[in-house]
Amino acid sequence: MLVYIAKRLLSLIPVLFVVTVAIFLIIHLTPGDPAAAMLGIEASEEEIRALNEQLGLNRPVHEQYMHWVSGVLRGDLGDSIFMRQSVGQAIVEHIGPTLSLAILGQAIALVLAIPFGMIAAYKRGTAVDYSLMGVSLLGLAIPSFLLGLFLMLIVGVQLQWLPVAGYEPLSKGLWEHLQYLILPGLSLGAIQAALITRMTRSSMLEILNLNYIKTARSKGLRELTVLTKHAFRNAFLPILTVIGQTFGTLVTGAVVVESIFNIPGLGQLILNSVVRRDFAVIQGVVLIVTLIYVGINLIVDLLYGAVDPRVRLDRK
Amino acid sequence: MAKENIIAMSRRLKKEQRALRFRRFRSNYGLVIGAVLFALFILIAAIGPYLMPFDPYAMKVTERLQPPSGAHLLGTDEFGRDLMTRIVYGARVSLSVGLVVSLLSSLLGLVIGIYASYYKTLDHILMRICDGLIAIPGVLLAIALMAALGASAMNVIIALTIVFTPNIARVVRSSALVVREQTYIEAMHAQGASDSRILWKHIAVNTLSPLLVQATFVFAEAIISEAALSFLGAGIPAPEASWGNILHAGKLVIYKAWWMVVFPGVFIILSVLGLNLLGDGLRDFLDPRVKLKQKKS
């Protein structure tokens, strides 16, 4: 197991190297002078030169990269020249709502998808199966921000059950917190559920044909026990992988959905920074979200190794 | 046996094969529905703009935000422009972005994929780069790229091509690795065929069906991503119409004009649904083994 963990950790190094280089180089894709782009057309030569000096943009590219990465390793993501605060500080202030939303979305997705996927697999070939698969096919075609807009239109504008925009932190009370997150969480979760339902169904179908399921049935176990205790436990591993891999979609979905419901999360932070061309913030947000995503996939892989001995032994 | 007989027989065989293939195509409902939907959208984008009686850019303040009616079938937008005309022109923009992104990333992905499958050192370098780029969530990477490049249709295409190429390269590489181990490739080597001949004439050709399937999905993803970017104001800039920036305007007037959100949304959903069905159908069609295996189990 230790060897497996070590190997998995080592394999992260090239990935993180490429990630940091790519994120770092983005600023240099700007046509012309990035500092001029940041300051706008009214900036004088003097100001541009000063900003170049301040940001170190006049130094060779590899030196700039080393400087940025060594800062990142010390937890220093640089400063936002527009918000007059460090990027790290800005991210800490905005990450809460995004994480709350992503977790709520994932929870909604699992609560919907796993029972539906199991039912579809159990009732395969029936009308129940076909309608569940039909709905999930439609779900795959709807981007989460579109579902967000539709939900806002129906529940927020027509029925007026829930507030359509805004945010209160968890410290103001659970309901205060949740009522702003239900619609965005639902729009993220329902779309995510479409994918996981299909995955659960096909994973369950594969398992349900195995001999040990026949054995379990023939020794007279209740169908529910066979499904949940015997089949689902083994079917869950591929589902877990999908959950890890689609977390990136979930977070980027959250970034877009946030902007619909005016939630002050990382999405709002990065979009405001795009308008102002505040590259330090853009780089910081992309880096942090990528690290969270990579981290979750690492945890999923390690769990996989812990649960399924074949995985960790296979790679020797 | 006379030569004519053989020719006639082979003709009959070919005919039967074609009939069989057509039957397989027809029995695959998803593929048929997807292909029809997709063709419909291509038609809308190609000839729709010529059929629209309105100018997509001419503003008429007296007619702003009118609900759907006989004069304006899908209503008007916040500047009094006919919404149906805007959506049809938008179809042209959104679908061309999707098409060009899927073509460009397929081409780049094909080159990267087959070369990576063939040369070991190159494989390590290219795949580590792909791993790194895949690790950055797609829309975020696209947003960052758009911030650097500036908002324009061209730059949306560049940003999305960078986002989707690594996925395609991985798909091509994994099927090229299988082809590479086949005996006939070894035979080509033995005959002294050059590397580039083997790569392009034999390996590349055999990765085309998974590539086609993947390109269809990238097409759909690109439509969604373009819509998301334009919706966020980081994509196709106004006044040009795209489904995403009509939604962007629609969100601002969601209390007064539901039609500005619902109609472009329906167009996005139907086009993506069509492409997804087409992709799934093509996968079953091009690789019947998958379907057979599912049927047996």
# chains A, B, ... in the order shown; residues from 1 in each chain; ligands from 1

call {"tool": "interface_residues", "arguments": {"of": "chain A", "to": "chain B", "cutoff": "6 Å", "atoms": "only C-alpha atoms", "output": "list in words"}}
result
Val15, Val18, Val19, Ile27, Leu29, Thr30, Ala141, Ile142, Gly248, Thr252, Val274 and Thr290 of chain A

call {"tool": "write_last_selection", "arguments": {"atoms": "N, CA and C atoms", "output": "PDB file, in the first residue's frame"}}
result
ATOM      1  N   VAL A  15       2.493  16.419 -13.431  1.00  0.00           N
ATOM      2  CA  VAL A  15       1.201  17.064 -13.658  1.00  0.00           C
ATOM      3  C   VAL A  15       1.217  18.481 -13.084  1.00  0.00           C
ATOM      4  N   VAL A  18       3.373  20.860 -15.153  1.00  0.00           N
ATOM      5  CA  VAL A  18       2.706  21.337 -16.377  1.00  0.00           C
ATOM      6  C   VAL A  18       1.591  22.329 -16.028  1.00  0.00           C
ATOM      7  N   VAL A  19       0.828  22.005 -14.967  1.00  0.00           N
ATOM      8  CA  VAL A  19      -0.261  22.891 -14.562  1.00  0.00           C
ATOM      9  C   VAL A  19       0.273  24.290 -14.250  1.00  0.00           C
ATOM     10  N   ILE A  27      -0.712  34.502 -18.934  1.00  0.00           N
ATOM     11  CA  ILE A  27      -0.564  35.959 -18.941  1.00  0.00           C
ATOM     12  C   ILE A  27       0.271  36.416 -20.142  1.00  0.00           C
ATOM     13  N   LEU A  29       0.206  35.180 -23.057  1.00  0.00           N
ATOM     14  CA  LEU A  29      -0.505  35.042 -24.331  1.00  0.00           C
ATOM     15  C   LEU A  29      -1.129  36.363 -24.759  1.00  0.00           C
ATOM     16  N   THR A  30      -1.214  37.293 -23.802  1.00  0.00           N
ATOM     17  CA  THR A  30      -1.808  38.585 -24.121  1.00  0.00           C
ATOM     18  C   THR A  30      -1.040  39.230 -25.260  1.00  0.00           C
ATOM     19  N   ALA A 141     -27.770  16.849 -21.911  1.00  0.00           N
ATOM     20  CA  ALA A 141     -27.750  17.862 -22.961  1.00  0.00           C
ATOM     21  C   ALA A 141     -27.993  19.264 -22.406  1.00  0.00           C
ATOM     22  N   ILE A 142     -28.383  19.362 -21.130  1.00  0.00           N
ATOM     23  CA  ILE A 142     -28.656  20.680 -20.552  1.00  0.00           C
ATOM     24  C   ILE A 142     -27.445  21.145 -19.754  1.00  0.00           C
ATOM     25  N   GLY A 248     -14.368  18.318 -11.416  1.00  0.00           N
ATOM     26  CA  GLY A 248     -13.927  19.499 -12.158  1.00  0.00           C
ATOM     27  C   GLY A 248     -15.086  20.167 -12.877  1.00  0.00           C
ATOM     28  N   THR A 252     -16.469  23.977 -12.197  1.00  0.00           N
ATOM     29  CA  THR A 252     -16.617  24.982 -13.250  1.00  0.00           C
ATOM     30  C   THR A 252     -18.090  25.317 -13.449  1.00  0.00           C
ATOM     31  N   VAL A 274     -11.420  39.078 -14.809  1.00  0.00           N
ATOM     32  CA  VAL A 274     -11.286  39.015 -16.264  1.00  0.00           C
ATOM     33  C   VAL A 274     -11.554  40.398 -16.855  1.00  0.00           C
ATOM     34  N   THR A 290      -7.731  23.998  -9.550  1.00  0.00           N
ATOM     35  CA  THR A 290      -7.055  22.824 -10.116  1.00  0.00           C
ATOM     36  C   THR A 290      -6.466  21.954  -9.009  1.00  0.00           C
TER      37      THR A 290
END

call {"tool": "select_by_dssp", "arguments": {"residues": "region 130-236 of chain B", "states": "alpha helix (DSSP H)", "output": "MDAnalysis selection string"}}
result
chainID B and resid 130:135 138:149 153:180 183:190 195:197 205:206 208:231

call {"tool": "atom_distance", "arguments": {"atom1": "CA of Ser11 (chain A)", "atom2": "CA of Pro166 (chain B)"}}
result
17.8 Å

call {"tool": "closest_residue", "arguments": {"among": "A:Asp301, A:Glu176, A:Glu258, A:Asp278", "to": "Gly244 (chain A)", "atoms": "only C-alpha atoms"}}
result
A:Asp301

call {"tool": "residues_around", "arguments": {"residues": "region 96-112 of chain A", "least_positions_apart": "3", "cutoff": "10 Å", "atoms": "only C-alpha atoms", "output": "MDAnalysis selection string"}}
result
chainID A and resid 91:93 115:117 167:170 177:178 180:197 243 246:248 250:255 257:258 263:268

call {"tool": "residues_around", "arguments": {"residues": "region 85-87 of chain B", "least_positions_apart": "3", "cutoff": "9 Å", "atoms": "only C-alpha atoms", "output": "list in words"}}
result
Gly48, Pro49, Met52, Pro53, Phe54, Asp55, Pro56, Tyr57, Leu74, Asp77, Arg81, Asp82, Gly90, Ala91, Arg92, Glu240, Ala241, Ser242, Trp243, Ile246, Phe263, Pro264 and Phe267 of chain B

call {"tool": "closest_residue", "arguments": {"among": "A:Leu132, A:Thr249, A:Leu205, A:Glu46", "to": "Phe145 (chain A)", "atoms": "only C-alpha atoms"}}
result
A:Thr249

call {"tool": "residues_around", "arguments": {"residues": "Ala169 (chain B)", "least_positions_apart": "4", "cutoff": "9 Å", "atoms": "only C-alpha atoms", "output": "list in words"}}
result
Ser105, Ser106, Leu108, Gly109, Leu110, Val111, Ile112, Gly113, Ile114, Ala116, Met127, Cys130, Phe164, Thr165, Arg173 and Ser174 of chain B

call {"tool": "residues_around", "arguments": {"residues": "region 181-198 of chain B", "least_positions_apart": "5", "cutoff": "12 Å", "atoms": "only C-alpha atoms", "output": "list in words"}}
result
Val111, Ile114, Tyr115, Ser117, Tyr118, Tyr119, Ser174, Ser175, Ala176, Ile203, Ala204, Val205 and Asn206 of chain B

call {"tool": "write_last_selection", "arguments": {"atoms": "N, CA and C atoms", "output": "mmCIF file, in the first residue's frame"}}
result
data_model
loop_
_atom_site.group_PDB
_atom_site.id
_atom_site.type_symbol
_atom_site.label_atom_id
_atom_site.label_comp_id
_atom_site.auth_asym_id
_atom_site.auth_seq_id
_atom_site.Cartn_x
_atom_site.Cartn_y
_atom_site.Cartn_z
ATOM 1 N N VAL B 111 -2.671 14.137 -34.640
ATOM 2 C CA VAL B 111 -1.217 14.206 -34.811
ATOM 3 C C VAL B 111 -0.512 13.851 -33.508
ATOM 4 N N ILE B 114 -1.125 9.945 -32.516
ATOM 5 C CA ILE B 114 -0.420 8.861 -33.210
ATOM 6 C C ILE B 114 1.096 8.966 -33.001
ATOM 7 N N TYR B 115 1.625 10.186 -32.985
ATOM 8 C CA TYR B 115 3.066 10.288 -32.741
ATOM 9 C C TYR B 115 3.421 9.825 -31.335
ATOM 10 N N SER B 117 1.874 7.567 -29.668
ATOM 11 C CA SER B 117 1.768 6.119 -29.555
ATOM 12 C C SER B 117 3.003 5.433 -30.154
ATOM 13 N N TYR B 118 3.745 6.162 -30.966
ATOM 14 C CA TYR B 118 4.802 5.529 -31.752
ATOM 15 C C TYR B 118 6.198 5.737 -31.193
ATOM 16 N N TYR B 119 6.425 6.919 -30.617
ATOM 17 C CA TYR B 119 7.774 7.213 -30.098
ATOM 18 C C TYR B 119 7.711 7.348 -28.581
ATOM 19 N N SER B 174 -4.716 5.963 -27.267
ATOM 20 C CA SER B 174 -5.006 4.644 -26.722
ATOM 21 C C SER B 174 -5.467 3.695 -27.824
ATOM 22 N N SER B 175 -6.201 4.200 -28.834
ATOM 23 C CA SER B 175 -6.550 3.223 -29.880
ATOM 24 C C SER B 175 -5.379 2.980 -30.818
ATOM 25 N N ALA B 176 -4.488 3.988 -30.983
ATOM 26 C CA ALA B 176 -3.310 3.776 -31.822
ATOM 27 C C ALA B 176 -2.362 2.752 -31.199
ATOM 28 N N ILE B 203 -1.689 3.476 -39.226
ATOM 29 C CA ILE B 203 -2.166 3.678 -37.851
ATOM 30 C C ILE B 203 -3.258 4.743 -37.803
ATOM 31 N N ALA B 204 -2.990 5.904 -38.409
ATOM 32 C CA ALA B 204 -3.969 7.001 -38.330
ATOM 33 C C ALA B 204 -5.331 6.577 -38.837
ATOM 34 N N VAL B 205 -5.335 5.895 -39.975
ATOM 35 C CA VAL B 205 -6.603 5.497 -40.591
ATOM 36 C C VAL B 205 -7.428 4.617 -39.653
ATOM 37 N N ASN B 206 -6.716 3.773 -38.892
ATOM 38 C CA ASN B 206 -7.445 2.860 -38.026
ATOM 39 C C ASN B 206 -7.894 3.470 -36.706
#

call {"tool": "residues_around", "arguments": {"residues": "Leu73 (chain B)", "least_positions_apart": "3", "cutoff": "10 Å", "atoms": "only C-alpha atoms", "output": "PDB file with all heavy atoms, in the first residue's frame"}}
result
ATOM      1  N   PRO B  67     -43.586  40.201 -26.248  1.00  0.00           N
ATOM      2  CA  PRO B  67     -43.750  38.743 -26.163  1.00  0.00           C
ATOM      3  C   PRO B  67     -44.020  38.154 -27.540  1.00  0.00           C
ATOM      4  O   PRO B  67     -44.342  38.894 -28.472  1.00  0.00           O
ATOM      5  CB  PRO B  67     -44.963  38.582 -25.246  1.00  0.00           C
ATOM      6  CG  PRO B  67     -45.676  39.882 -25.290  1.00  0.00           C
ATOM      7  CD  PRO B  67     -44.651  40.932 -25.568  1.00  0.00           C
ATOM      8  N   PRO B  68     -43.874  36.818 -27.667  1.00  0.00           N
ATOM      9  CA  PRO B  68     -44.103  36.183 -28.957  1.00  0.00           C
ATOM     10  C   PRO B  68     -45.463  36.564 -29.529  1.00  0.00           C
ATOM     11  O   PRO B  68     -46.456  36.622 -28.801  1.00  0.00           O
ATOM     12  CB  PRO B  68     -44.074  34.689 -28.619  1.00  0.00           C
ATOM     13  CG  PRO B  68     -43.208  34.610 -27.423  1.00  0.00           C
ATOM     14  CD  PRO B  68     -43.421  35.869 -26.653  1.00  0.00           C
ATOM     15  N   SER B  69     -45.505  36.868 -30.822  1.00  0.00           N
ATOM     16  CA  SER B  69     -46.759  37.274 -31.461  1.00  0.00           C
ATOM     17  C   SER B  69     -46.679  36.902 -32.932  1.00  0.00           C
ATOM     18  O   SER B  69     -45.676  36.343 -33.385  1.00  0.00           O
ATOM     19  CB  SER B  69     -46.931  38.785 -31.329  1.00  0.00           C
ATOM     20  OG  SER B  69     -45.905  39.435 -32.065  1.00  0.00           O
ATOM     21  N   GLY B  70     -47.706  37.233 -33.672  1.00  0.00           N
ATOM     22  CA  GLY B  70     -47.726  36.922 -35.103  1.00  0.00           C
ATOM     23  C   GLY B  70     -46.611  37.633 -35.848  1.00  0.00           C
ATOM     24  O   GLY B  70     -45.975  37.070 -36.734  1.00  0.00           O
ATOM     25  N   THR B  76     -39.359  39.852 -29.155  1.00  0.00           N
ATOM     26  CA  THR B  76     -38.226  40.733 -29.489  1.00  0.00           C
ATOM     27  C   THR B  76     -37.319  40.881 -28.280  1.00  0.00           C
ATOM     28  O   THR B  76     -37.711  40.582 -27.153  1.00  0.00           O
ATOM     29  CB  THR B  76     -38.702  42.134 -29.909  1.00  0.00           C
ATOM     30  OG1 THR B  76     -39.403  42.701 -28.799  1.00  0.00           O
ATOM     31  CG2 THR B  76     -39.608  42.088 -31.118  1.00  0.00           C
ATOM     32  N   ASP B  82     -35.788  41.332 -33.637  1.00  0.00           N
ATOM     33  CA  ASP B  82     -36.564  40.093 -33.698  1.00  0.00           C
ATOM     34  C   ASP B  82     -35.747  38.927 -33.144  1.00  0.00           C
ATOM     35  O   ASP B  82     -34.636  38.651 -33.617  1.00  0.00           O
ATOM     36  CB  ASP B  82     -36.956  39.809 -35.153  1.00  0.00           C
ATOM     37  CG  ASP B  82     -37.756  38.524 -35.262  1.00  0.00           C
ATOM     38  OD1 ASP B  82     -38.834  38.462 -34.663  1.00  0.00           O
ATOM     39  OD2 ASP B  82     -37.274  37.588 -35.928  1.00  0.00           O
ATOM     40  N   LEU B  83     -36.310  38.247 -32.135  1.00  0.00           N
ATOM     41  CA  LEU B  83     -35.527  37.221 -31.439  1.00  0.00           C
ATOM     42  C   LEU B  83     -35.257  36.008 -32.326  1.00  0.00           C
ATOM     43  O   LEU B  83     -34.160  35.439 -32.286  1.00  0.00           O
ATOM     44  CB  LEU B  83     -36.252  36.799 -30.156  1.00  0.00           C
ATOM     45  CG  LEU B  83     -35.446  35.895 -29.226  1.00  0.00           C
ATOM     46  CD1 LEU B  83     -34.179  36.568 -28.751  1.00  0.00           C
ATOM     47  CD2 LEU B  83     -36.274  35.474 -28.028  1.00  0.00           C
ATOM     48  N   MET B  84     -36.251  35.628 -33.126  1.00  0.00           N
ATOM     49  CA  MET B  84     -36.036  34.457 -33.981  1.00  0.00           C
ATOM     50  C   MET B  84     -34.869  34.721 -34.942  1.00  0.00           C
ATOM     51  O   MET B  84     -34.012  33.861 -35.142  1.00  0.00           O
ATOM     52  CB  MET B  84     -37.297  34.109 -34.763  1.00  0.00           C
ATOM     53  CG  MET B  84     -37.154  32.813 -35.517  1.00  0.00           C
ATOM     54  SD  MET B  84     -38.696  31.986 -35.807  1.00  0.00           S
ATOM     55  CE  MET B  84     -39.221  32.745 -37.309  1.00  0.00           C
ATOM     56  N   THR B  85     -34.840  35.918 -35.522  1.00  0.00           N
ATOM     57  CA  THR B  85     -33.736  36.254 -36.415  1.00  0.00           C
ATOM     58  C   THR B  85     -32.404  36.174 -35.675  1.00  0.00           C
ATOM     59  O   THR B  85     -31.434  35.609 -36.182  1.00  0.00           O
ATOM     60  CB  THR B  85     -33.924  37.690 -36.961  1.00  0.00           C
ATOM     61  OG1 THR B  85     -35.243  37.800 -37.481  1.00  0.00           O
ATOM     62  CG2 THR B  85     -32.920  38.009 -38.038  1.00  0.00           C
TER      63      THR B  85
END

call {"tool": "atom_distance", "arguments": {"atom1": "CA of Ala142 (chain B)", "atom2": "CA of Ala159 (chain B)"}}
result
5.3 Å
